[in-house]
Amino acid sequence: MELQGWQRVVLGEITQAEYINILNSNQMETLTTTIERLKDDSEYYGAFGKQYLSNSDIGTLLNNPTEFRKPQEDNVNFHKGRYFHQLILEPEKAEQVQFIDVSSRNTKAYKEQATNGIIMLEKEGQEIRDCVDAMMQNLPFFEGIRQDGNEYEVPAIKTIHGMEWKGKADIVCTDKLIDLKTTSNINDFKWSARKYNYDSQCYIYQELFGRPLEFYVVDKTSKQLGIFRPSQEFIERGEQKVIKAIEVYNKFFSDNATFDINEYYVEDIL
């Protein structure tokens, strides 16, 4: 029977420092393997990735925990957002996106082709391509996104407030993270950032990657651009959301859950 590392220390075969190095090496190998698996979207969003909490869980846990981890219906906005990111970060994937040149999804031609799910309309694709052009034709945006040494679609994991979290950064620069966003009204982005939990995303990602996060934003209608840098208040609000989400998770879904999720209800004063 092969001796355990600690047993070899007791027998004097290796030193305590050598044993610690072995443990660190094994942990690093496990972390590397996990990160490689999470680079694959099917693993990141599939069963393997679901062992970790992510910012996408925040809204569900805080607003309607009965929907936690339930499959989400595909929708056009998912397709648009994915195509926007792919055009900038993974252009080889963007080339595989299918379009149909019809006026709406109510047409006979669309219904005949969209038998296996949503297909983006050509006019929707053009809207997204126009957003990308606006962003990439602006020199500060282009230099930030295409800076030498940048990495794209980088996953990370970390224990945060006692729970395991994951995240996948759009762009990891040497000194910061860049997250790409589209918005329907850039003048309201400061408020939509709170509504859509970009504050908790910012907190989680800065914890995961150890560097500040900036939002590069394009208005889908006007094509106006904006760079938004989080304040300390914004980050702290995000941390409070994370703490509250963990409380809800532990209450209903952890191994030591104290309540049945079927007993959940909303209670408030009008």
# chains A, B, ... in the order shown; residues from 1 in each chain; ligands from 1
>>> select_by_dssp(residues="range 27-191 of chain A", states="strand (DSSP E)", output="ChimeraX atom specification")
/A:99-100,120-121,151-160,163-172,177-183
>>> write_last_selection(atoms="C-alpha atoms", output="JSON list (two decimals), in the first residue's frame")
[["chain", "number", "residue", "atom", "x", "y", "z"],
["A", 99, "PHE", "CA", -29.65, 34.78, -40.06],
["A", 100, "ILE", "CA", -32.85, 35.06, -42.02],
["A", 120, "MET", "CA", -31.77, 36.02, -35.64],
["A", 121, "LEU", "CA", -33.29, 38.35, -38.21],
["A", 151, "GLU", "CA", -6.90, 37.59, -22.86],
["A", 152, "TYR", "CA", -10.51, 36.94, -23.84],
["A", 153, "GLU", "CA", -13.28, 34.84, -22.29],
["A", 154, "VAL", "CA", -11.19, 33.87, -19.26],
["A", 155, "PRO", "CA", -12.85, 31.76, -16.50],
["A", 156, "ALA", "CA", -11.92, 31.86, -12.82],
["A", 157, "ILE", "CA", -13.12, 30.33, -9.56],
["A", 158, "LYS", "CA", -12.72, 31.38, -5.93],
["A", 159, "THR", "CA", -14.24, 30.95, -2.50],
["A", 160, "ILE", "CA", -16.09, 34.17, -1.64],
["A", 163, "MET", "CA", -19.14, 29.76, -1.11],
["A", 164, "GLU", "CA", -17.55, 28.67, -4.39],
["A", 165, "TRP", "CA", -18.08, 31.19, -7.20],
["A", 166, "LYS", "CA", -17.22, 31.23, -10.88],
["A", 167, "GLY", "CA", -17.00, 33.94, -13.49],
["A", 168, "LYS", "CA", -15.84, 34.36, -17.07],
["A", 169, "ALA", "CA", -14.29, 37.75, -17.84],
["A", 170, "ASP", "CA", -14.77, 39.24, -21.30],
["A", 171, "ILE", "CA", -11.31, 40.79, -21.37],
["A", 172, "VAL", "CA", -8.47, 40.41, -18.88],
["A", 177, "LEU", "CA", -10.89, 43.80, -16.53],
["A", 178, "ILE", "CA", -13.14, 45.03, -19.34],
["A", 179, "ASP", "CA", -16.76, 43.96, -19.53],
["A", 180, "LEU", "CA", -18.64, 44.70, -22.76],
["A", 181, "LYS", "CA", -22.26, 45.83, -22.52],
["A", 182, "THR", "CA", -25.02, 47.07, -24.80],
["A", 183, "THR", "CA", -27.81, 49.26, -23.46]]
>>> residues_around(residues="Thr60 in chain A", least_positions_apart="3", cutoff="12 Å", atoms="only C-alpha atoms", output="PDB file with C-alpha atoms, in the first residue's frame")
ATOM      1  CA  LEU A  53     -22.548  30.044  -7.930  1.00  0.00           C
ATOM      2  CA  SER A  54     -22.281  32.878 -10.453  1.00  0.00           C
ATOM      3  CA  ASN A  55     -23.545  36.412 -10.859  1.00  0.00           C
ATOM      4  CA  SER A  56     -26.398  35.138 -13.037  1.00  0.00           C
ATOM      5  CA  ASP A  57     -27.744  33.428  -9.892  1.00  0.00           C
ATOM      6  CA  ASN A  63     -36.006  38.153  -6.489  1.00  0.00           C
ATOM      7  CA  ASN A  64     -37.536  34.698  -6.941  1.00  0.00           C
ATOM      8  CA  PRO A  65     -35.553  31.788  -5.480  1.00  0.00           C
ATOM      9  CA  THR A  66     -38.238  29.320  -6.616  1.00  0.00           C
ATOM     10  CA  GLU A  67     -36.700  29.732 -10.111  1.00  0.00           C
ATOM     11  CA  PHE A  68     -33.130  28.992  -8.934  1.00  0.00           C
ATOM     12  CA  ARG A  69     -31.286  26.692 -11.338  1.00  0.00           C
ATOM     13  CA  LYS A  70     -34.381  26.060 -13.433  1.00  0.00           C
ATOM     14  CA  PRO A  71     -33.703  26.026 -17.196  1.00  0.00           C
ATOM     15  CA  GLN A  72     -34.254  29.412 -18.823  1.00  0.00           C
ATOM     16  CA  TYR A 196     -29.293  44.074 -13.772  1.00  0.00           C
ATOM     17  CA  ASN A 197     -26.831  43.369 -10.937  1.00  0.00           C
ATOM     18  CA  LYS A 241     -26.096  41.509  -2.767  1.00  0.00           C
ATOM     19  CA  VAL A 242     -23.666  38.585  -2.767  1.00  0.00           C
ATOM     20  CA  LYS A 244     -27.767  38.306   0.844  1.00  0.00           C
ATOM     21  CA  ALA A 245     -27.843  35.800  -2.053  1.00  0.00           C
ATOM     22  CA  ILE A 246     -25.677  33.394  -0.049  1.00  0.00           C
ATOM     23  CA  VAL A 248     -30.991  32.785   0.640  1.00  0.00           C
ATOM     24  CA  TYR A 249     -29.037  29.887  -0.891  1.00  0.00           C
TER      25      TYR A 249
END
>>> residues_around(residues="Gly117 in chain A", least_positions_apart="5", cutoff="12 Å", atoms="only C-alpha atoms", output="PyMOL selection string")
chain A and resi 73-76+79+98+105+110-112
>>> closest_residue(among="A:Gln224, A:Ser192, A:Gln232, A:Thr32", to="Gln206 in chain A", atoms="only C-alpha atoms")
A:Gln232
>>> select_by_dssp(residues="range 129-245 of chain A", states="helix (DSSP H, G or I)", output="JSON, numbers by chain")
{"A": [129, 130, 131, 132, 133, 134, 135, 136, 139, 140, 141, 142, 143, 144, 145, 186, 187, 188, 189, 190, 191, 192, 193, 194, 195, 198, 199, 200, 201, 202, 203, 204, 205, 206, 207, 208, 209, 232, 233, 234, 235, 236, 237, 238, 239, 240, 241, 242, 243, 244, 245]}
>>> residues_around(residues="Val218 in chain A", least_positions_apart="4", cutoff="12 Å", atoms="only C-alpha atoms", output="VMD selection string")
chain A and resid 84 127 to 136 138 141 179 to 187 189 222 to 228
>>> write_last_selection(atoms="N, CA, C and O atoms", output="compact mmCIF listing (two decimals), in the first residue's frame")
# COMPACT_ATOMS: atom_id res chain seq x y z
N PHE A 84 -23.03 39.79 -30.17
CA PHE A 84 -22.24 41.00 -29.90
C PHE A 84 -20.87 40.63 -29.33
O PHE A 84 -19.83 41.12 -29.79
N GLU A 127 -27.99 45.48 -36.66
CA GLU A 127 -28.00 46.37 -35.51
C GLU A 127 -26.80 46.07 -34.61
O GLU A 127 -26.11 47.00 -34.14
N ILE A 128 -26.54 44.80 -34.36
CA ILE A 128 -25.42 44.42 -33.50
C ILE A 128 -24.09 44.72 -34.19
O ILE A 128 -23.15 45.23 -33.55
N ARG A 129 -24.00 44.46 -35.48
CA ARG A 129 -22.75 44.76 -36.20
C ARG A 129 -22.47 46.27 -36.18
O ARG A 129 -21.30 46.68 -36.08
N ASP A 130 -23.52 47.09 -36.25
CA ASP A 130 -23.35 48.53 -36.18
C ASP A 130 -22.82 48.94 -34.79
O ASP A 130 -22.00 49.86 -34.68
N CYS A 131 -23.31 48.27 -33.75
CA CYS A 131 -22.82 48.54 -32.40
C CYS A 131 -21.33 48.21 -32.28
O CYS A 131 -20.55 48.97 -31.69
N VAL A 132 -20.95 47.08 -32.83
CA VAL A 132 -19.55 46.66 -32.79
C VAL A 132 -18.68 47.63 -33.57
O VAL A 132 -17.60 48.03 -33.12
N ASP A 133 -19.15 48.05 -34.75
CA ASP A 133 -18.39 49.01 -35.55
C ASP A 133 -18.18 50.31 -34.78
O ASP A 133 -17.09 50.89 -34.79
N ALA A 134 -19.24 50.79 -34.12
CA ALA A 134 -19.12 52.03 -33.36
C ALA A 134 -18.07 51.90 -32.27
O ALA A 134 -17.27 52.82 -32.04
N MET A 135 -18.04 50.76 -31.61
CA MET A 135 -17.09 50.55 -30.52
C MET A 135 -15.67 50.39 -31.04
O MET A 135 -14.72 50.99 -30.51
N MET A 136 -15.50 49.62 -32.09
CA MET A 136 -14.15 49.30 -32.57
C MET A 136 -13.55 50.42 -33.43
O MET A 136 -12.34 50.43 -33.67
N ASN A 138 -13.71 53.53 -32.48
CA ASN A 138 -13.32 54.54 -31.52
C ASN A 138 -11.95 54.15 -30.97
O ASN A 138 -11.78 53.07 -30.40
N PHE A 141 -11.44 52.91 -27.28
CA PHE A 141 -12.10 51.60 -27.10
C PHE A 141 -11.29 50.51 -27.80
O PHE A 141 -11.06 49.44 -27.23
N ASP A 179 -15.53 44.68 -19.26
CA ASP A 179 -16.76 43.96 -19.53
C ASP A 179 -17.55 44.74 -20.57
O ASP A 179 -17.77 45.94 -20.42
N LEU A 180 -17.95 44.06 -21.64
CA LEU A 180 -18.64 44.70 -22.76
C LEU A 180 -20.15 44.64 -22.54
O LEU A 180 -20.70 43.58 -22.25
N LYS A 181 -20.82 45.77 -22.71
CA LYS A 181 -22.26 45.83 -22.52
C LYS A 181 -22.91 46.62 -23.66
O LYS A 181 -22.32 47.56 -24.22
N THR A 182 -24.15 46.23 -23.99
CA THR A 182 -25.02 47.07 -24.80
C THR A 182 -26.14 47.57 -23.89
O THR A 182 -26.46 46.96 -22.87
N THR A 183 -26.72 48.70 -24.26
CA THR A 183 -27.81 49.26 -23.46
C THR A 183 -28.81 49.94 -24.37
O THR A 183 -28.47 50.39 -25.47
N SER A 184 -30.05 50.01 -23.92
CA SER A 184 -31.08 50.68 -24.71
C SER A 184 -31.05 52.19 -24.52
O SER A 184 -31.59 52.94 -25.33
N ASN A 185 -30.42 52.65 -23.43
CA ASN A 185 -30.30 54.09 -23.18
C ASN A 185 -29.08 54.33 -22.30
O ASN A 185 -29.11 54.07 -21.10
N ILE A 186 -28.01 54.84 -22.91
CA ILE A 186 -26.76 54.98 -22.17
C ILE A 186 -26.88 56.00 -21.03
O ILE A 186 -26.16 55.92 -20.03
N ASN A 187 -27.82 56.93 -21.15
CA ASN A 187 -28.01 57.92 -20.09
C ASN A 187 -28.61 57.30 -18.83
O ASN A 187 -28.53 57.89 -17.75
N PHE A 189 -27.72 54.15 -17.92
CA PHE A 189 -26.91 52.97 -17.62
C PHE A 189 -26.58 52.88 -16.13
O PHE A 189 -26.51 51.77 -15.58
N SER A 222 -28.56 54.95 -30.35
CA SER A 222 -27.78 56.11 -30.78
C SER A 222 -26.34 55.76 -31.16
O SER A 222 -25.67 56.56 -31.80
N LYS A 223 -25.88 54.59 -30.70
CA LYS A 223 -24.49 54.13 -30.88
C LYS A 223 -23.51 54.99 -30.08
O LYS A 223 -22.30 54.94 -30.30
N GLN A 224 -24.02 55.77 -29.12
CA GLN A 224 -23.15 56.53 -28.23
C GLN A 224 -22.40 55.56 -27.33
O GLN A 224 -22.92 54.52 -26.92
N LEU A 225 -21.15 55.90 -27.02
CA LEU A 225 -20.29 55.02 -26.23
C LEU A 225 -20.07 55.59 -24.84
O LEU A 225 -20.17 56.80 -24.62
N GLY A 226 -19.73 54.71 -23.91
CA GLY A 226 -19.40 55.15 -22.56
C GLY A 226 -18.49 54.17 -21.87
O GLY A 226 -18.57 52.96 -22.10
N ILE A 227 -17.58 54.69 -21.06
CA ILE A 227 -16.75 53.87 -20.18
C ILE A 227 -17.16 54.20 -18.75
O ILE A 227 -17.12 55.37 -18.34
N PHE A 228 -17.59 53.19 -18.02
CA PHE A 228 -18.10 53.38 -16.66
C PHE A 228 -17.18 52.66 -15.68
O PHE A 228 -16.99 51.44 -15.77
>>> atom_distance(atom1="CA of Glu122 in chain A", atom2="CA of Pro140 in chain A")
29.1 Å
>>> atom_distance(atom1="CA of Ser200 in chain A", atom2="CA of Ile235 in chain A")
7.0 Å
>>> closest_residue(among="A:Lys108, A:Lys190, A:Arg229, A:Arg146", to="Leu89 in chain A", atoms="only C-alpha atoms")
A:Arg146
